[in-house]
Amino acid sequence: MTKQVLISISGLQLVSGETGGPVEVVTAGSYDEKNGNHYLIYEEAVEGSREHIQNLLKIGEDSLEVTKKGLIRAHMVFEKNRKTKAVYETPFGDIAMEFFTSEFRIQEAQDTIDIQVRYSMEMDNVFVADCSIRVNVKSKNAKDFRLQEITG
C-alpha cells in the first residue's frame with residue numbers, strides 16, 4: 001500500500017424500517033501501518049464553512065476507531081459485539097451516542113483494504129437507527145479504483 005491513497009466511505013441508516021439515502025465521501029488521504037494497525041488521515045470539508053475536519057481512522061484486527069478534530073470533535077469506537085459510547089461535539093451542542101457493533105469485517109490485499117461495519121445507534125438510551133459503514137482504501141496508483149455501493 002502506498003502512503004497516498006484514495007478513500008471511499010459510504011454510510012447507510014435504517015430508521016423505523018425506512019432506509020435513508022446512502023451518504024458517500026471519496027477523498028485523497030494518507031496511509032500508514034504501525035504495530036499491526038492501519039491508519040488513515042484525511043480532511044473533510046464542512047458545508048457553508050471554510051473550516052475542515054481532520055479525520056483519523058485507526059483500523060485494527062477487529063475494530064474501527066474514528067477520531068474527528070476541528071469544527072466537529074468526536075472519538076467513536078466500533079468493535080464487534082461491544083457497546084461503546086461517544087460524544088459528538090458540534091457548534092450547536094453535544095450529542096451523546098451509544099453504538100453496538102454487530103458486524104466487523106476487514107479484507108486486505110496488497111493495494112486495497114475493505115472494511116464493513118454494521119451497528120445500532122442509540123441516543124439517550126433510545127434506539128435511533130441500524131447503520132452500516134463501508135470503508136474502501138486503494139493505493140492511489142491502483143488501476144482498479146472504483147466506487148462501491150452499500151446494499152441493505
# chains A, B, ... in the order shown; residues from 1 in each chain; ligands from 1

call {"tool": "residues_around", "arguments": {"residues": "A:Gln110", "least_positions_apart": "2", "cutoff": "7 Å", "atoms": "only C-alpha atoms", "output": "list in words"}}
result
Met1, Glu108 and Thr112 of chain A

call {"tool": "write_last_selection", "arguments": {"atoms": "all heavy atoms", "output": "PDB file, in the first residue's frame"}}
result
ATOM      1  N   MET A   1       0.858  -1.177   0.000  1.00  0.00           N
ATOM      2  CA  MET A   1       0.000   0.000   0.000  1.00  0.00           C
ATOM      3  C   MET A   1       0.897   1.230   0.000  1.00  0.00           C
ATOM      4  O   MET A   1       1.836   1.310   0.777  1.00  0.00           O
ATOM      5  CB  MET A   1      -0.892  -0.035   1.243  1.00  0.00           C
ATOM      6  CG  MET A   1      -1.872   1.086   1.362  1.00  0.00           C
ATOM      7  SD  MET A   1      -3.332   1.001   0.317  1.00  0.00           S
ATOM      8  CE  MET A   1      -4.217  -0.350   1.036  1.00  0.00           C
ATOM      9  N   GLU A 108      -8.023  -7.540   3.364  1.00  0.00           N
ATOM     10  CA  GLU A 108      -6.808  -6.835   2.984  1.00  0.00           C
ATOM     11  C   GLU A 108      -6.157  -7.508   1.794  1.00  0.00           C
ATOM     12  O   GLU A 108      -6.147  -8.730   1.694  1.00  0.00           O
ATOM     13  CB  GLU A 108      -5.810  -6.834   4.138  1.00  0.00           C
ATOM     14  CG  GLU A 108      -6.325  -6.192   5.404  1.00  0.00           C
ATOM     15  CD  GLU A 108      -5.346  -6.318   6.547  1.00  0.00           C
ATOM     16  OE1 GLU A 108      -4.177  -5.905   6.370  1.00  0.00           O
ATOM     17  OE2 GLU A 108      -5.736  -6.853   7.595  1.00  0.00           O
ATOM     18  N   THR A 112      -5.253  -2.735  -1.471  1.00  0.00           N
ATOM     19  CA  THR A 112      -6.604  -2.368  -1.061  1.00  0.00           C
ATOM     20  C   THR A 112      -6.931  -2.903   0.338  1.00  0.00           C
ATOM     21  O   THR A 112      -6.403  -3.924   0.760  1.00  0.00           O
ATOM     22  CB  THR A 112      -7.642  -2.875  -2.087  1.00  0.00           C
ATOM     23  OG1 THR A 112      -8.917  -2.362  -1.744  1.00  0.00           O
ATOM     24  CG2 THR A 112      -7.709  -4.374  -2.123  1.00  0.00           C
TER      25      THR A 112
END

call {"tool": "select_by_dssp", "arguments": {"residues": "chain A", "states": "strand (DSSP E)", "output": "PyMOL selection string"}}
result
chain A and resi 4-15+18-19+23-34+37-45+52-59+63-70+74-79+82-90+93-109+112-123+126-139

call {"tool": "write_last_selection", "arguments": {"atoms": "C-alpha atoms", "output": "mmCIF file, in the first residue's frame"}}
result
data_model
loop_
_atom_site.group_PDB
_atom_site.id
_atom_site.type_symbol
_atom_site.label_atom_id
_atom_site.label_comp_id
_atom_site.auth_asym_id
_atom_site.auth_seq_id
_atom_site.Cartn_x
_atom_site.Cartn_y
_atom_site.Cartn_z
ATOM 1 C CA GLN A 4 -1.071 8.246 -0.788
ATOM 2 C CA VAL A 5 -4.477 6.565 -1.016
ATOM 3 C CA LEU A 6 -7.999 7.104 -2.282
ATOM 4 C CA ILE A 7 -10.581 6.593 0.470
ATOM 5 C CA SER A 8 -14.257 5.863 -0.140
ATOM 6 C CA ILE A 9 -16.503 5.961 2.927
ATOM 7 C CA SER A 10 -20.167 5.025 2.489
ATOM 8 C CA GLY A 11 -22.821 5.124 5.167
ATOM 9 C CA LEU A 12 -26.386 3.888 5.306
ATOM 10 C CA GLN A 13 -29.034 4.257 8.046
ATOM 11 C CA LEU A 14 -32.233 2.291 8.555
ATOM 12 C CA VAL A 15 -34.657 4.327 10.693
ATOM 13 C CA GLU A 18 -37.045 3.003 6.101
ATOM 14 C CA THR A 19 -33.638 3.336 4.500
ATOM 15 C CA VAL A 23 -24.005 9.079 2.093
ATOM 16 C CA GLU A 24 -20.634 8.761 0.409
ATOM 17 C CA VAL A 25 -17.364 10.631 0.682
ATOM 18 C CA VAL A 26 -14.470 9.995 -1.693
ATOM 19 C CA THR A 27 -11.218 11.757 -0.911
ATOM 20 C CA ALA A 28 -7.473 11.556 -1.083
ATOM 21 C CA GLY A 29 -5.732 10.699 2.151
ATOM 22 C CA SER A 30 -2.587 9.320 3.677
ATOM 23 C CA TYR A 31 -1.961 5.775 4.900
ATOM 24 C CA ASP A 32 0.400 4.273 7.433
ATOM 25 C CA GLU A 33 0.739 0.947 9.214
ATOM 26 C CA LYS A 34 2.099 0.604 12.748
ATOM 27 C CA ASN A 37 -2.939 -1.337 12.802
ATOM 28 C CA HIS A 38 -3.799 0.655 9.669
ATOM 29 C CA TYR A 39 -4.072 4.448 9.954
ATOM 30 C CA LEU A 40 -5.859 6.752 7.511
ATOM 31 C CA ILE A 41 -5.798 10.537 7.699
ATOM 32 C CA TYR A 42 -7.970 12.785 5.549
ATOM 33 C CA GLU A 43 -9.683 16.168 5.640
ATOM 34 C CA GLU A 44 -13.426 16.673 5.351
ATOM 35 C CA ALA A 45 -14.911 19.937 4.094
ATOM 36 C CA HIS A 52 -12.208 21.472 7.651
ATOM 37 C CA ILE A 53 -12.474 18.464 9.913
ATOM 38 C CA GLN A 54 -9.355 16.369 10.387
ATOM 39 C CA ASN A 55 -10.239 12.668 10.428
ATOM 40 C CA LEU A 56 -8.120 9.798 11.707
ATOM 41 C CA LEU A 57 -9.263 6.214 11.181
ATOM 42 C CA LYS A 58 -7.470 3.509 13.136
ATOM 43 C CA ILE A 59 -8.273 0.087 11.751
ATOM 44 C CA SER A 63 -12.191 -2.640 15.416
ATOM 45 C CA LEU A 64 -12.506 0.739 13.751
ATOM 46 C CA GLU A 65 -11.787 3.956 15.653
ATOM 47 C CA VAL A 66 -12.860 7.276 14.167
ATOM 48 C CA THR A 67 -11.395 10.491 15.585
ATOM 49 C CA LYS A 68 -12.622 13.871 14.333
ATOM 50 C CA LYS A 69 -10.957 17.194 15.195
ATOM 51 C CA GLY A 70 -11.874 20.697 14.152
ATOM 52 C CA ALA A 74 -15.587 13.058 18.314
ATOM 53 C CA HIS A 75 -13.930 9.765 19.146
ATOM 54 C CA MET A 76 -16.040 6.777 18.131
ATOM 55 C CA VAL A 77 -15.080 3.117 18.529
ATOM 56 C CA PHE A 78 -16.719 0.258 16.626
ATOM 57 C CA GLU A 79 -15.696 -3.159 17.964
ATOM 58 C CA ARG A 82 -19.245 -4.456 22.061
ATOM 59 C CA LYS A 83 -21.297 -1.438 23.121
ATOM 60 C CA THR A 84 -19.379 1.844 23.168
ATOM 61 C CA LYS A 85 -20.201 5.462 23.980
ATOM 62 C CA ALA A 86 -19.185 8.660 22.228
ATOM 63 C CA VAL A 87 -19.884 12.374 22.425
ATOM 64 C CA TYR A 88 -20.230 14.146 19.086
ATOM 65 C CA GLU A 89 -19.285 17.791 19.740
ATOM 66 C CA THR A 90 -20.756 20.311 17.284
ATOM 67 C CA GLY A 93 -24.142 21.431 21.135
ATOM 68 C CA ASP A 94 -23.000 17.981 22.136
ATOM 69 C CA ILE A 95 -24.749 14.749 21.184
ATOM 70 C CA ALA A 96 -24.249 11.687 23.392
ATOM 71 C CA MET A 97 -24.417 8.425 21.427
ATOM 72 C CA GLU A 98 -24.028 4.710 22.018
ATOM 73 C CA PHE A 99 -23.113 2.110 19.411
ATOM 74 C CA PHE A 100 -23.465 -1.659 19.436
ATOM 75 C CA THR A 101 -21.363 -3.175 16.673
ATOM 76 C CA SER A 102 -22.888 -6.409 15.384
ATOM 77 C CA GLU A 103 -20.513 -6.959 12.463
ATOM 78 C CA PHE A 104 -16.947 -6.016 11.668
ATOM 79 C CA ARG A 105 -15.184 -7.412 8.603
ATOM 80 C CA ILE A 106 -11.880 -6.483 7.087
ATOM 81 C CA GLN A 107 -10.367 -7.754 3.845
ATOM 82 C CA GLU A 108 -6.808 -6.835 2.984
ATOM 83 C CA ALA A 109 -4.782 -7.154 -0.204
ATOM 84 C CA THR A 112 -6.604 -2.368 -1.061
ATOM 85 C CA ILE A 113 -8.351 -2.582 2.289
ATOM 86 C CA ASP A 114 -12.117 -3.047 2.580
ATOM 87 C CA ILE A 115 -13.936 -2.660 5.916
ATOM 88 C CA GLN A 116 -17.618 -3.343 6.585
ATOM 89 C CA VAL A 117 -19.188 -2.300 9.911
ATOM 90 C CA ARG A 118 -22.807 -2.802 10.969
ATOM 91 C CA TYR A 119 -24.039 -1.262 14.189
ATOM 92 C CA SER A 120 -27.087 0.047 16.010
ATOM 93 C CA MET A 121 -27.124 3.591 17.362
ATOM 94 C CA GLU A 122 -28.839 4.942 20.473
ATOM 95 C CA MET A 123 -29.204 8.473 21.805
ATOM 96 C CA VAL A 126 -33.361 5.294 22.857
ATOM 97 C CA PHE A 127 -32.785 3.282 19.676
ATOM 98 C CA VAL A 128 -32.280 5.619 16.718
ATOM 99 C CA ALA A 129 -31.114 3.550 13.747
ATOM 100 C CA ASP A 130 -29.408 0.479 12.358
ATOM 101 C CA CYS A 131 -26.381 1.671 10.429
ATOM 102 C CA SER A 132 -23.738 0.417 8.053
ATOM 103 C CA ILE A 133 -20.348 1.885 7.163
ATOM 104 C CA ARG A 134 -18.088 0.689 4.401
ATOM 105 C CA VAL A 135 -14.557 1.986 4.049
ATOM 106 C CA ASN A 136 -12.634 1.138 0.904
ATOM 107 C CA VAL A 137 -8.994 2.162 0.642
ATOM 108 C CA LYS A 138 -6.948 1.822 -2.510
ATOM 109 C CA SER A 139 -3.398 2.785 -3.292
#

call {"tool": "residues_around", "arguments": {"residues": "stretch 47-49 of chain A", "least_positions_apart": "5", "cutoff": "12 Å", "atoms": "only C-alpha atoms", "output": "JSON, numbers by chain"}}
result
{"A": [70, 71, 72, 91]}

call {"tool": "decode", "arguments": {"residues": "stretch 71-83 of chain A", "atoms": "N, CA, C and O atoms", "output": "mmCIF file, in the first residue's frame"}}
result
data_model
loop_
_atom_site.group_PDB
_atom_site.id
_atom_site.type_symbol
_atom_site.label_atom_id
_atom_site.label_comp_id
_atom_site.auth_asym_id
_atom_site.auth_seq_id
_atom_site.Cartn_x
_atom_site.Cartn_y
_atom_site.Cartn_z
ATOM 1 N N LEU A 71 -14.013 21.673 13.580
ATOM 2 C CA LEU A 71 -15.339 22.220 13.854
ATOM 3 C C LEU A 71 -16.223 21.192 14.560
ATOM 4 O O LEU A 71 -17.032 21.529 15.415
ATOM 5 N N ILE A 72 -16.049 19.929 14.217
ATOM 6 C CA ILE A 72 -16.735 18.815 14.893
ATOM 7 C C ILE A 72 -15.668 17.947 15.527
ATOM 8 O O ILE A 72 -14.651 17.654 14.915
ATOM 9 N N ARG A 73 -15.918 17.540 16.776
ATOM 10 C CA ARG A 73 -14.964 16.703 17.502
ATOM 11 C C ARG A 73 -15.684 15.452 17.992
ATOM 12 O O ARG A 73 -16.793 15.532 18.499
ATOM 13 N N ALA A 74 -15.007 14.317 17.832
ATOM 14 C CA ALA A 74 -15.587 13.058 18.314
ATOM 15 C C ALA A 74 -14.517 11.983 18.329
ATOM 16 O O ALA A 74 -13.521 12.069 17.599
ATOM 17 N N HIS A 75 -14.743 10.982 19.157
ATOM 18 C CA HIS A 75 -13.930 9.765 19.146
ATOM 19 C C HIS A 75 -14.907 8.598 19.269
ATOM 20 O O HIS A 75 -15.525 8.413 20.317
ATOM 21 N N MET A 76 -15.076 7.871 18.175
ATOM 22 C CA MET A 76 -16.040 6.777 18.131
ATOM 23 C C MET A 76 -15.293 5.465 17.906
ATOM 24 O O MET A 76 -14.391 5.405 17.074
ATOM 25 N N VAL A 77 -15.710 4.429 18.634
ATOM 26 C CA VAL A 77 -15.080 3.117 18.529
ATOM 27 C C VAL A 77 -16.148 2.100 18.128
ATOM 28 O O VAL A 77 -17.210 2.041 18.748
ATOM 29 N N PHE A 78 -15.837 1.323 17.096
ATOM 30 C CA PHE A 78 -16.719 0.258 16.626
ATOM 31 C C PHE A 78 -15.948 -1.050 16.756
ATOM 32 O O PHE A 78 -14.995 -1.283 16.013
ATOM 33 N N GLU A 79 -16.356 -1.877 17.715
ATOM 34 C CA GLU A 79 -15.696 -3.159 17.964
ATOM 35 C C GLU A 79 -16.759 -4.243 18.055
ATOM 36 O O GLU A 79 -17.741 -4.099 18.795
ATOM 37 N N LYS A 80 -16.587 -5.305 17.294
ATOM 38 C CA LYS A 80 -17.604 -6.357 17.179
ATOM 39 C C LYS A 80 -18.067 -6.860 18.551
ATOM 40 O O LYS A 80 -17.263 -7.127 19.428
ATOM 41 N N ASN A 81 -19.399 -6.958 18.689
ATOM 42 C CA ASN A 81 -20.072 -7.458 19.890
ATOM 43 C C ASN A 81 -19.780 -6.624 21.131
ATOM 44 O O ASN A 81 -19.804 -7.134 22.247
ATOM 45 N N ARG A 82 -19.530 -5.334 20.934
ATOM 46 C CA ARG A 82 -19.245 -4.456 22.061
ATOM 47 C C ARG A 82 -20.057 -3.177 21.939
ATOM 48 O O ARG A 82 -20.216 -2.633 20.847
ATOM 49 N N LYS A 83 -20.573 -2.702 23.076
ATOM 50 C CA LYS A 83 -21.297 -1.438 23.121
ATOM 51 C C LYS A 83 -20.335 -0.349 23.587
ATOM 52 O O LYS A 83 -19.637 -0.519 24.585
#
